Amino acid sequence: MPLRSDSRRDFMKTATAIFAGTAVGPTNTAIGKAPEVSSGLCFDVKSFGAAGDGKTIDTPAINRAISAAAQAGGGTVLLPAGWYLCYSIRLKSNVTLRLSAGSTIVAAETDLKEPGHGYDAAESNAPWENYQDYGHNHWHNSLIWGDGLENVAICGPGLIWGKGLSRGEGPGPVAEQPGVGNKAIALKNCRDVLLRDFSILHGGHFGILATGVDNLTIDNLKIDTNRDGIDVDCCRNVRISNCSVNSPWDDAICLKSSFALGYPRATEMVTITNCLVSGSFVEGTLLDATFKRYPANTDVDRNGRIKFGTESNGGYKNITISNCVFDGCFGLTILSVDGGAIEDVSISNITMRDTVGSPIFLRLGSRMRGPAGIPVGTIRRVNISNLVSQSAQSQICSMIVGIPDHRIEDVKISDILIQHAGGGTKQQAAIHIEEKEKTYPEPTMFGATPAHGILVRHASGIEISDYRVITESPDSRPSVLLDDVSQVAVYNLKSPKAADGPLIVLHNVREFTVERSNGLADARIANATHREL
């Protein structure tokens, strides 16, 4: 897994030498030497005993430097060029952790036989632990963590390599085992946090997990990882910009609103802009800019997307996403399945290549993983515009799907261009997809869809305009399928129509309007139990 920095093309060669016992980097400063504090309150970890040789456990020295900076009222803890083998690094308020060019923090492998050779214990999150997965319930069992802090920063341009971290499932260290870490960076109940200009390789279950963090800025990060890239959970006023995230086995940038804080808290006032997300590059090749793709037959999930959910107890409000590139991954996914409200979302200027499944997937469900008695959530006032998708899989169309008696409301989709391979059959056109109200929500949950452009079910107040679909081969499915929908308008739909099939199919549709669409006569239909256009 070669990495990119100023001189890291030979990463694996160098890393192998380090862990085989060859010292790389500056020599150790005597641990007993008094710390040297330069002007501007900069605390060099070498002055606190860090070796930076890739062999010595440098966690105690780094934590001493952080404590000294905090006791001085704040400052910058500097990691000069070198390889810092670490367990849990504990952040403190008013401290910046700066990774110099050529510096790498390496997550050490847990060795419970050796004292001090493990990560901090996972703190209890009882009685809320059953409402979200293990990784969302704990923060201290991480390579770098902070709890209840303010004015904290981690800045680059160095690297964080989660070599010894658990990914939370599959082969490797078991996350629940004492002494095992499963996140590169974890923050809880913090405010005024800046993460900027560094890279993460192989970040464990989460490259970054931020829970209950307000005034959070994440800028110019490169993350090349084996599970989630960035998870923002129950946070307010968040800016994610100029980031590149390759996460073939899970989501790249994921907004969540779990019950991990012990109460439902919305993730709100979020901007995501100018980002690349991917699920197709071999891990490590985003960082070295070779961008090697996994072969088509490789067992890779190709998730890599921007997603709201699945944890959605508190909902999402006032969110904007713009100018983002999706490459070889699932499309845009917006989910409320645990009782939260999704409101006031605007998404624009999105391009997708080799899209897996639906380019657009809005799902209101009733999994309801949370305290009893919470009502089903809502999705309303969502605007998606200027989206282009080239799809490698054409059997699953874009979807806006609620559940009986719980409708998705007031969604506008405009200026969309979808290209896919076509090839849908009459048998697929006749499929009636199941409700699956409590099933884990994914675009693939319904299998092949009975439409190839967009499917809308259990919804109201839907406007679809300037929606164009291009198929490489004929498709026998309708382009648009509407089922249990009211107050829906379709304007300027351009899509191929099968010679012996309809362009639009209506099931139990009320107040439907179609205009300027593929040669169809403009029409306003008050009520249609079943109608094909």
# chains A, B, ... in the order shown; residues from 1 in each chain; ligands from 1

$ closest_atom_pairs --of "range 109-177 of chain A" --to "range 75-96 of chain A" --cutoff "12 Å" --atoms "only C-alpha atoms" --output "JSON lines"
{"residue": "A:Glu109", "atom": "CA", "partner": "A:Tyr87", "partner_atom": "CA", "distance": 8.3}
{"residue": "A:Thr110", "atom": "CA", "partner": "A:Tyr87", "partner_atom": "CA", "distance": 8.3}
{"residue": "A:Asp111", "atom": "CA", "partner": "A:Tyr87", "partner_atom": "CA", "distance": 10.7}
{"residue": "A:Pro115", "atom": "CA", "partner": "A:Tyr87", "partner_atom": "CA", "distance": 11.9}
{"residue": "A:Gly116", "atom": "CA", "partner": "A:Tyr87", "partner_atom": "CA", "distance": 8.4}
{"residue": "A:His117", "atom": "CA", "partner": "A:Tyr87", "partner_atom": "CA", "distance": 7.2}
{"residue": "A:Gly118", "atom": "CA", "partner": "A:Tyr87", "partner_atom": "CA", "distance": 6.1}
{"residue": "A:Tyr119", "atom": "CA", "partner": "A:Tyr87", "partner_atom": "CA", "distance": 5.2}
{"residue": "A:Asp120", "atom": "CA", "partner": "A:Ser88", "partner_atom": "CA", "distance": 5.9}
{"residue": "A:Ala121", "atom": "CA", "partner": "A:Ser88", "partner_atom": "CA", "distance": 9.5}
{"residue": "A:Ala122", "atom": "CA", "partner": "A:Ser88", "partner_atom": "CA", "distance": 11.2}
{"residue": "A:Trp139", "atom": "CA", "partner": "A:Ser88", "partner_atom": "CA", "distance": 10.4}
{"residue": "A:His140", "atom": "CA", "partner": "A:Ser88", "partner_atom": "CA", "distance": 7.7}
{"residue": "A:Asn141", "atom": "CA", "partner": "A:Ser88", "partner_atom": "CA", "distance": 7.1}
{"residue": "A:Ser142", "atom": "CA", "partner": "A:Ser88", "partner_atom": "CA", "distance": 5.9}
{"residue": "A:Leu143", "atom": "CA", "partner": "A:Ser88", "partner_atom": "CA", "distance": 4.5}
{"residue": "A:Ile144", "atom": "CA", "partner": "A:Ile89", "partner_atom": "CA", "distance": 4.6}
{"residue": "A:Trp145", "atom": "CA", "partner": "A:Arg90", "partner_atom": "CA", "distance": 5.4}
{"residue": "A:Gly146", "atom": "CA", "partner": "A:Leu91", "partner_atom": "CA", "distance": 5.0}
{"residue": "A:Asp147", "atom": "CA", "partner": "A:Leu91", "partner_atom": "CA", "distance": 8.2}
{"residue": "A:Gly148", "atom": "CA", "partner": "A:Ser93", "partner_atom": "CA", "distance": 8.5}
{"residue": "A:Leu149", "atom": "CA", "partner": "A:Ser93", "partner_atom": "CA", "distance": 5.0}
{"residue": "A:Glu150", "atom": "CA", "partner": "A:Ser93", "partner_atom": "CA", "distance": 5.0}
{"residue": "A:Asn151", "atom": "CA", "partner": "A:Asn94", "partner_atom": "CA", "distance": 4.7}
{"residue": "A:Val152", "atom": "CA", "partner": "A:Val95", "partner_atom": "CA", "distance": 5.4}
{"residue": "A:Ala153", "atom": "CA", "partner": "A:Thr96", "partner_atom": "CA", "distance": 4.5}
{"residue": "A:Ile154", "atom": "CA", "partner": "A:Thr96", "partner_atom": "CA", "distance": 5.7}
{"residue": "A:Cys155", "atom": "CA", "partner": "A:Thr96", "partner_atom": "CA", "distance": 7.2}
{"residue": "A:Gly156", "atom": "CA", "partner": "A:Leu79", "partner_atom": "CA", "distance": 9.8}
{"residue": "A:Pro157", "atom": "CA", "partner": "A:Ala81", "partner_atom": "CA", "distance": 10.5}
{"residue": "A:Gly158", "atom": "CA", "partner": "A:Ala81", "partner_atom": "CA", "distance": 8.3}
{"residue": "A:Leu159", "atom": "CA", "partner": "A:Trp83", "partner_atom": "CA", "distance": 9.6}
{"residue": "A:Ile160", "atom": "CA", "partner": "A:Tyr84", "partner_atom": "CA", "distance": 9.6}
{"residue": "A:Trp161", "atom": "CA", "partner": "A:Leu85", "partner_atom": "CA", "distance": 9.6}
{"residue": "A:Gly162", "atom": "CA", "partner": "A:Cys86", "partner_atom": "CA", "distance": 9.8}
{"residue": "A:Lys163", "atom": "CA", "partner": "A:Leu85", "partner_atom": "CA", "distance": 9.8}
{"residue": "A:Gly164", "atom": "CA", "partner": "A:Tyr87", "partner_atom": "CA", "distance": 9.1}
{"residue": "A:Leu165", "atom": "CA", "partner": "A:Tyr87", "partner_atom": "CA", "distance": 9.7}

$ residues_around --residues "range 426-436 of chain A" --least-positions-apart "2" --cutoff "8 Å" --atoms "only C-alpha atoms" --output "list of chain:residue names"
A:Ile403, A:Gly424, A:Lys438, A:Thr439, A:Phe446, A:Ala448, A:Thr449, A:Pro450, A:Ala451, A:Ser476, A:Arg477, A:Pro478

$ write_last_selection --atoms "all heavy atoms" --output "CSV table (one decimal), in the first residue's frame"
chain,number,residue,atom,x,y,z
A,403,ILE,N,-43.4,4.4,3.5
A,403,ILE,CA,-44.1,3.2,3.9
A,403,ILE,C,-45.6,3.5,4.0
A,403,ILE,O,-45.9,4.7,4.1
A,403,ILE,CB,-43.5,2.6,5.2
A,403,ILE,CG1,-43.6,3.6,6.3
A,403,ILE,CG2,-42.1,2.1,5.0
A,403,ILE,CD1,-43.1,3.0,7.7
A,424,GLY,N,-33.5,-4.1,-19.1
A,424,GLY,CA,-34.6,-4.5,-18.3
A,424,GLY,C,-35.7,-5.3,-19.0
A,424,GLY,O,-35.9,-5.0,-20.2
A,438,LYS,N,-39.2,-2.8,8.1
A,438,LYS,CA,-38.2,-2.9,9.1
A,438,LYS,C,-36.8,-3.4,8.7
A,438,LYS,O,-35.9,-3.6,9.5
A,438,LYS,CB,-38.7,-3.7,10.3
A,438,LYS,CG,-40.0,-3.1,10.9
A,438,LYS,CD,-40.5,-3.9,12.1
A,438,LYS,CE,-41.7,-3.3,12.7
A,438,LYS,NZ,-41.4,-1.9,13.2
A,439,THR,N,-36.7,-3.7,7.4
A,439,THR,CA,-35.5,-4.3,6.9
A,439,THR,C,-34.4,-3.2,6.9
A,439,THR,O,-34.7,-2.0,6.6
A,439,THR,CB,-35.7,-4.8,5.4
A,439,THR,OG1,-36.7,-5.8,5.5
A,439,THR,CG2,-34.4,-5.4,4.9
A,446,PHE,N,-34.6,-4.1,-2.4
A,446,PHE,CA,-35.8,-4.6,-3.2
A,446,PHE,C,-35.4,-5.4,-4.4
A,446,PHE,O,-36.3,-5.9,-5.1
A,446,PHE,CB,-36.6,-3.4,-3.7
A,446,PHE,CG,-37.1,-2.5,-2.6
A,446,PHE,CD1,-36.6,-1.2,-2.4
A,446,PHE,CD2,-38.0,-2.9,-1.6
A,446,PHE,CE1,-37.0,-0.3,-1.4
A,446,PHE,CE2,-38.5,-2.1,-0.6
A,446,PHE,CZ,-37.9,-0.8,-0.5
A,448,ALA,N,-34.1,-6.1,-8.2
A,448,ALA,CA,-34.3,-5.3,-9.5
A,448,ALA,C,-35.6,-4.6,-9.4
A,448,ALA,O,-36.6,-5.1,-8.8
A,448,ALA,CB,-34.4,-6.3,-10.7
A,449,THR,N,-35.7,-3.3,-9.8
A,449,THR,CA,-36.8,-2.5,-9.7
A,449,THR,C,-37.7,-2.5,-11.0
A,449,THR,O,-37.2,-2.7,-12.1
A,449,THR,CB,-36.4,-1.0,-9.4
A,449,THR,OG1,-35.5,-0.6,-10.4
A,449,THR,CG2,-35.8,-0.9,-8.1
A,450,PRO,N,-39.0,-2.3,-10.8
A,450,PRO,CA,-39.9,-2.4,-12.0
A,450,PRO,C,-39.9,-1.1,-12.9
A,450,PRO,O,-40.7,-0.9,-13.8
A,450,PRO,CB,-41.3,-2.6,-11.4
A,450,PRO,CG,-41.2,-2.0,-10.0
A,450,PRO,CD,-39.8,-2.2,-9.6
A,451,ALA,N,-39.0,-0.2,-12.6
A,451,ALA,CA,-38.8,1.0,-13.4
A,451,ALA,C,-37.3,1.2,-13.6
A,451,ALA,O,-36.5,0.7,-12.8
A,451,ALA,CB,-39.4,2.2,-12.8
A,476,SER,N,-37.3,-2.7,-21.2
A,476,SER,CA,-38.7,-3.0,-21.3
A,476,SER,C,-39.5,-2.4,-20.1
A,476,SER,O,-40.7,-2.6,-20.1
A,476,SER,CB,-39.0,-4.4,-21.5
A,476,SER,OG,-38.5,-4.9,-22.7
A,477,ARG,N,-38.8,-1.9,-19.2
A,477,ARG,CA,-39.5,-1.3,-18.0
A,477,ARG,C,-39.9,0.1,-18.3
A,477,ARG,O,-39.3,0.8,-19.1
A,477,ARG,CB,-38.6,-1.3,-16.8
A,477,ARG,CG,-38.2,-2.7,-16.4
A,477,ARG,CD,-37.1,-2.7,-15.3
A,477,ARG,NE,-35.8,-2.2,-15.8
A,477,ARG,CZ,-34.8,-1.9,-15.0
A,477,ARG,NH1,-34.8,-2.1,-13.7
A,477,ARG,NH2,-33.7,-1.4,-15.6
A,478,PRO,N,-40.9,0.6,-17.6
A,478,PRO,CA,-41.2,2.1,-17.7
A,478,PRO,C,-40.1,2.9,-17.1
A,478,PRO,O,-39.4,2.4,-16.3
A,478,PRO,CB,-42.5,2.2,-16.9
A,478,PRO,CG,-42.5,1.1,-15.9
A,478,PRO,CD,-41.8,-0.1,-16.7

$ closest_atom_pairs --of "range 228-270 of chain A" --to "range 371-386 of chain A" --cutoff "12 Å" --atoms "only C-alpha atoms" --output "tab-separated table"
residue	atom	partner	partner_atom	distance
A:Ser258	CA	A:Pro371	CA	11.5
A:Phe259	CA	A:Pro371	CA	8.9
A:Ala260	CA	A:Pro371	CA	11.8
A:Gly262	CA	A:Pro371	CA	9.9
A:Tyr263	CA	A:Pro371	CA	9.4
A:Pro264	CA	A:Pro371	CA	9.9

$ write_last_selection --atoms "N, CA and C atoms" --output "PDB file, in the first residue's frame"
ATOM      1  N   SER A 258     -27.588   9.180  16.084  1.00  0.00           N
ATOM      2  CA  SER A 258     -27.862   7.996  16.894  1.00  0.00           C
ATOM      3  C   SER A 258     -28.412   8.385  18.263  1.00  0.00           C
ATOM      4  N   PHE A 259     -28.593   7.381  19.102  1.00  0.00           N
ATOM      5  CA  PHE A 259     -29.019   7.589  20.495  1.00  0.00           C
ATOM      6  C   PHE A 259     -27.829   7.458  21.441  1.00  0.00           C
ATOM      7  N   ALA A 260     -26.619   7.592  20.910  1.00  0.00           N
ATOM      8  CA  ALA A 260     -25.418   7.336  21.707  1.00  0.00           C
ATOM      9  C   ALA A 260     -25.231   8.336  22.841  1.00  0.00           C
ATOM     10  N   GLY A 262     -27.654   9.375  24.671  1.00  0.00           N
ATOM     11  CA  GLY A 262     -28.709   9.114  25.651  1.00  0.00           C
ATOM     12  C   GLY A 262     -29.984   9.886  25.389  1.00  0.00           C
ATOM     13  N   TYR A 263     -30.041  10.607  24.283  1.00  0.00           N
ATOM     14  CA  TYR A 263     -31.244  11.329  23.885  1.00  0.00           C
ATOM     15  C   TYR A 263     -31.145  11.599  22.390  1.00  0.00           C
ATOM     16  N   PRO A 264     -32.268  11.812  21.698  1.00  0.00           N
ATOM     17  CA  PRO A 264     -32.210  12.074  20.260  1.00  0.00           C
ATOM     18  C   PRO A 264     -31.764  13.502  20.001  1.00  0.00           C
TER      19      PRO A 264
END

$ select_by_dssp --residues "range 166-415 of chain A" --states "strand (DSSP E)" --output "PyMOL selection string"
chain A and resi 183-188+191-196+199-201+206-211+214-219+222-224+228-233+236-241+244-246+253-257+267-273+276-278+306-312+316-327+330-336+341-364+378-391+398-401+408-415

$ closest_residue --among "A:Ile272, A:Leu287, A:Val505, A:Ile360" --to "Ile321 in chain A" --atoms "only C-alpha atoms"
A:Ile272

$ select_by_dssp --residues "range 60-108 of chain A" --states "helix (DSSP H, G or I)" --output "MDAnalysis selection string"
chainID A and resid 60:71

$ decode --residues "range 33-142 of chain A" --atoms "C-alpha atoms" --output "PDB file, in the first residue's frame"
ATOM      1  CA  LYS A  33      15.594  15.769  29.860  1.00  0.00           C
ATOM      2  CA  ALA A  34      13.544  18.820  30.792  1.00  0.00           C
ATOM      3  CA  PRO A  35      10.979  19.718  28.138  1.00  0.00           C
ATOM      4  CA  GLU A  36      11.965  22.571  25.853  1.00  0.00           C
ATOM      5  CA  VAL A  37       9.227  25.028  25.037  1.00  0.00           C
ATOM      6  CA  SER A  38       9.943  27.291  22.096  1.00  0.00           C
ATOM      7  CA  SER A  39       8.406  30.676  21.519  1.00  0.00           C
ATOM      8  CA  GLY A  40       4.742  30.533  20.566  1.00  0.00           C
ATOM      9  CA  LEU A  41       4.162  27.679  23.015  1.00  0.00           C
ATOM     10  CA  CYS A  42       5.232  24.863  20.699  1.00  0.00           C
ATOM     11  CA  PHE A  43       5.843  21.578  22.502  1.00  0.00           C
ATOM     12  CA  ASP A  44       8.117  19.228  20.543  1.00  0.00           C
ATOM     13  CA  VAL A  45       7.344  15.616  21.475  1.00  0.00           C
ATOM     14  CA  LYS A  46      11.035  14.741  21.041  1.00  0.00           C
ATOM     15  CA  SER A  47      11.737  16.934  24.073  1.00  0.00           C
ATOM     16  CA  PHE A  48       9.329  14.792  26.084  1.00  0.00           C
ATOM     17  CA  GLY A  49      11.015  11.514  25.187  1.00  0.00           C
ATOM     18  CA  ALA A  50       9.421  10.486  21.898  1.00  0.00           C
ATOM     19  CA  ALA A  51      11.759   8.413  19.749  1.00  0.00           C
ATOM     20  CA  GLY A  52       9.938   8.571  16.419  1.00  0.00           C
ATOM     21  CA  ASP A  53      11.810   5.436  15.329  1.00  0.00           C
ATOM     22  CA  GLY A  54       8.854   3.157  14.578  1.00  0.00           C
ATOM     23  CA  LYS A  55       9.927   0.736  17.329  1.00  0.00           C
ATOM     24  CA  THR A  56       9.492   2.618  20.607  1.00  0.00           C
ATOM     25  CA  ILE A  57       5.998   3.094  22.015  1.00  0.00           C
ATOM     26  CA  ASP A  58       5.771   6.888  21.943  1.00  0.00           C
ATOM     27  CA  THR A  59       2.324   7.305  23.495  1.00  0.00           C
ATOM     28  CA  PRO A  60       3.563   8.296  26.988  1.00  0.00           C
ATOM     29  CA  ALA A  61       5.822  10.997  25.572  1.00  0.00           C
ATOM     30  CA  ILE A  62       3.135  12.430  23.296  1.00  0.00           C
ATOM     31  CA  ASN A  63       0.595  12.460  26.115  1.00  0.00           C
ATOM     32  CA  ARG A  64       3.109  14.219  28.365  1.00  0.00           C
ATOM     33  CA  ALA A  65       3.574  16.901  25.731  1.00  0.00           C
ATOM     34  CA  ILE A  66      -0.194  17.326  25.387  1.00  0.00           C
ATOM     35  CA  SER A  67      -0.602  17.629  29.157  1.00  0.00           C
ATOM     36  CA  ALA A  68       2.190  20.200  29.358  1.00  0.00           C
ATOM     37  CA  ALA A  69       0.583  22.272  26.608  1.00  0.00           C
ATOM     38  CA  ALA A  70      -2.793  22.158  28.355  1.00  0.00           C
ATOM     39  CA  GLN A  71      -1.259  23.113  31.694  1.00  0.00           C
ATOM     40  CA  ALA A  72       0.434  26.078  30.027  1.00  0.00           C
ATOM     41  CA  GLY A  73      -2.991  27.314  28.910  1.00  0.00           C
ATOM     42  CA  GLY A  74      -2.712  25.874  25.424  1.00  0.00           C
ATOM     43  CA  GLY A  75      -0.257  25.427  22.614  1.00  0.00           C
ATOM     44  CA  THR A  76       0.880  23.297  19.699  1.00  0.00           C
ATOM     45  CA  VAL A  77       2.228  19.785  20.199  1.00  0.00           C
ATOM     46  CA  LEU A  78       4.626  19.168  17.335  1.00  0.00           C
ATOM     47  CA  LEU A  79       5.490  15.771  15.870  1.00  0.00           C
ATOM     48  CA  PRO A  80       8.593  16.264  13.705  1.00  0.00           C
ATOM     49  CA  ALA A  81       9.345  13.889  10.838  1.00  0.00           C
ATOM     50  CA  GLY A  82       9.466  10.328  12.132  1.00  0.00           C
ATOM     51  CA  TRP A  83       7.402   7.221  12.848  1.00  0.00           C
ATOM     52  CA  TYR A  84       5.510   7.311  16.149  1.00  0.00           C
ATOM     53  CA  LEU A  85       4.240   3.933  17.287  1.00  0.00           C
ATOM     54  CA  CYS A  86       1.284   4.650  19.570  1.00  0.00           C
ATOM     55  CA  TYR A  87      -1.676   3.449  21.551  1.00  0.00           C
ATOM     56  CA  SER A  88      -4.303   5.929  22.835  1.00  0.00           C
ATOM     57  CA  ILE A  89      -3.339   9.590  22.454  1.00  0.00           C
ATOM     58  CA  ARG A  90      -5.522  11.741  24.748  1.00  0.00           C
ATOM     59  CA  LEU A  91      -6.349  15.182  23.432  1.00  0.00           C
ATOM     60  CA  LYS A  92      -6.946  18.141  25.751  1.00  0.00           C
ATOM     61  CA  SER A  93      -8.614  21.525  25.404  1.00  0.00           C
ATOM     62  CA  ASN A  94      -6.756  24.410  23.755  1.00  0.00           C
ATOM     63  CA  VAL A  95      -4.181  22.084  22.193  1.00  0.00           C
ATOM     64  CA  THR A  96      -3.269  21.619  18.531  1.00  0.00           C
ATOM     65  CA  LEU A  97      -1.653  18.337  17.516  1.00  0.00           C
ATOM     66  CA  ARG A  98       0.503  19.125  14.481  1.00  0.00           C
ATOM     67  CA  LEU A  99       1.836  16.344  12.248  1.00  0.00           C
ATOM     68  CA  SER A 100       4.838  17.707  10.372  1.00  0.00           C
ATOM     69  CA  ALA A 101       5.661  16.683   6.807  1.00  0.00           C
ATOM     70  CA  GLY A 102       7.200  13.228   7.005  1.00  0.00           C
ATOM     71  CA  SER A 103       5.600  12.355  10.354  1.00  0.00           C
ATOM     72  CA  THR A 104       3.427   9.259  10.767  1.00  0.00           C
ATOM     73  CA  ILE A 105       1.435   8.162  13.787  1.00  0.00           C
ATOM     74  CA  VAL A 106       1.196   4.378  13.580  1.00  0.00           C
ATOM     75  CA  ALA A 107      -1.480   2.489  15.543  1.00  0.00           C
ATOM     76  CA  ALA A 108       0.420  -0.234  17.385  1.00  0.00           C
ATOM     77  CA  GLU A 109      -0.850  -3.782  17.575  1.00  0.00           C
ATOM     78  CA  THR A 110      -2.383  -4.774  20.902  1.00  0.00           C
ATOM     79  CA  ASP A 111      -0.258  -7.097  23.055  1.00  0.00           C
ATOM     80  CA  LEU A 112      -2.068  -7.827  26.307  1.00  0.00           C
ATOM     81  CA  LYS A 113       0.927  -9.763  27.613  1.00  0.00           C
ATOM     82  CA  GLU A 114       2.917  -6.534  27.811  1.00  0.00           C
ATOM     83  CA  PRO A 115       1.845  -3.778  30.267  1.00  0.00           C
ATOM     84  CA  GLY A 116       0.947  -0.591  28.438  1.00  0.00           C
ATOM     85  CA  HIS A 117       0.645  -2.339  25.078  1.00  0.00           C
ATOM     86  CA  GLY A 118      -3.049  -1.724  24.521  1.00  0.00           C
ATOM     87  CA  TYR A 119      -5.566   1.038  23.922  1.00  0.00           C
ATOM     88  CA  ASP A 120      -7.630   2.781  26.579  1.00  0.00           C
ATOM     89  CA  ALA A 121     -10.630   0.828  27.825  1.00  0.00           C
ATOM     90  CA  ALA A 122     -13.957   1.322  26.091  1.00  0.00           C
ATOM     91  CA  GLU A 123     -16.044   3.382  28.508  1.00  0.00           C
ATOM     92  CA  SER A 124     -19.566   2.276  29.372  1.00  0.00           C
ATOM     93  CA  ASN A 125     -22.447   3.818  27.477  1.00  0.00           C
ATOM     94  CA  ALA A 126     -25.178   2.025  29.429  1.00  0.00           C
ATOM     95  CA  PRO A 127     -28.126   1.988  29.202  1.00  0.00           C
ATOM     96  CA  TRP A 128     -28.011   3.198  25.586  1.00  0.00           C
ATOM     97  CA  GLU A 129     -25.705   0.601  24.065  1.00  0.00           C
ATOM     98  CA  ASN A 130     -28.417  -1.513  22.425  1.00  0.00           C
ATOM     99  CA  TYR A 131     -29.559   1.366  20.220  1.00  0.00           C
ATOM    100  CA  GLN A 132     -26.443   1.556  18.016  1.00  0.00           C
ATOM    101  CA  ASP A 133     -23.538  -0.641  17.003  1.00  0.00           C
ATOM    102  CA  TYR A 134     -20.541  -1.169  19.289  1.00  0.00           C
ATOM    103  CA  GLY A 135     -18.333   1.310  17.488  1.00  0.00           C
ATOM    104  CA  HIS A 136     -20.819   4.172  18.002  1.00  0.00           C
ATOM    105  CA  ASN A 137     -20.987   3.605  21.772  1.00  0.00           C
ATOM    106  CA  HIS A 138     -17.336   4.105  22.718  1.00  0.00           C
ATOM    107  CA  TRP A 139     -14.693   6.744  22.080  1.00  0.00           C
ATOM    108  CA  HIS A 140     -11.803   6.118  24.480  1.00  0.00           C
ATOM    109  CA  ASN A 141     -10.741   2.880  22.754  1.00  0.00           C
ATOM    110  CA  SER A 142      -9.239   4.853  19.887  1.00  0.00           C
TER     111      SER A 142
END
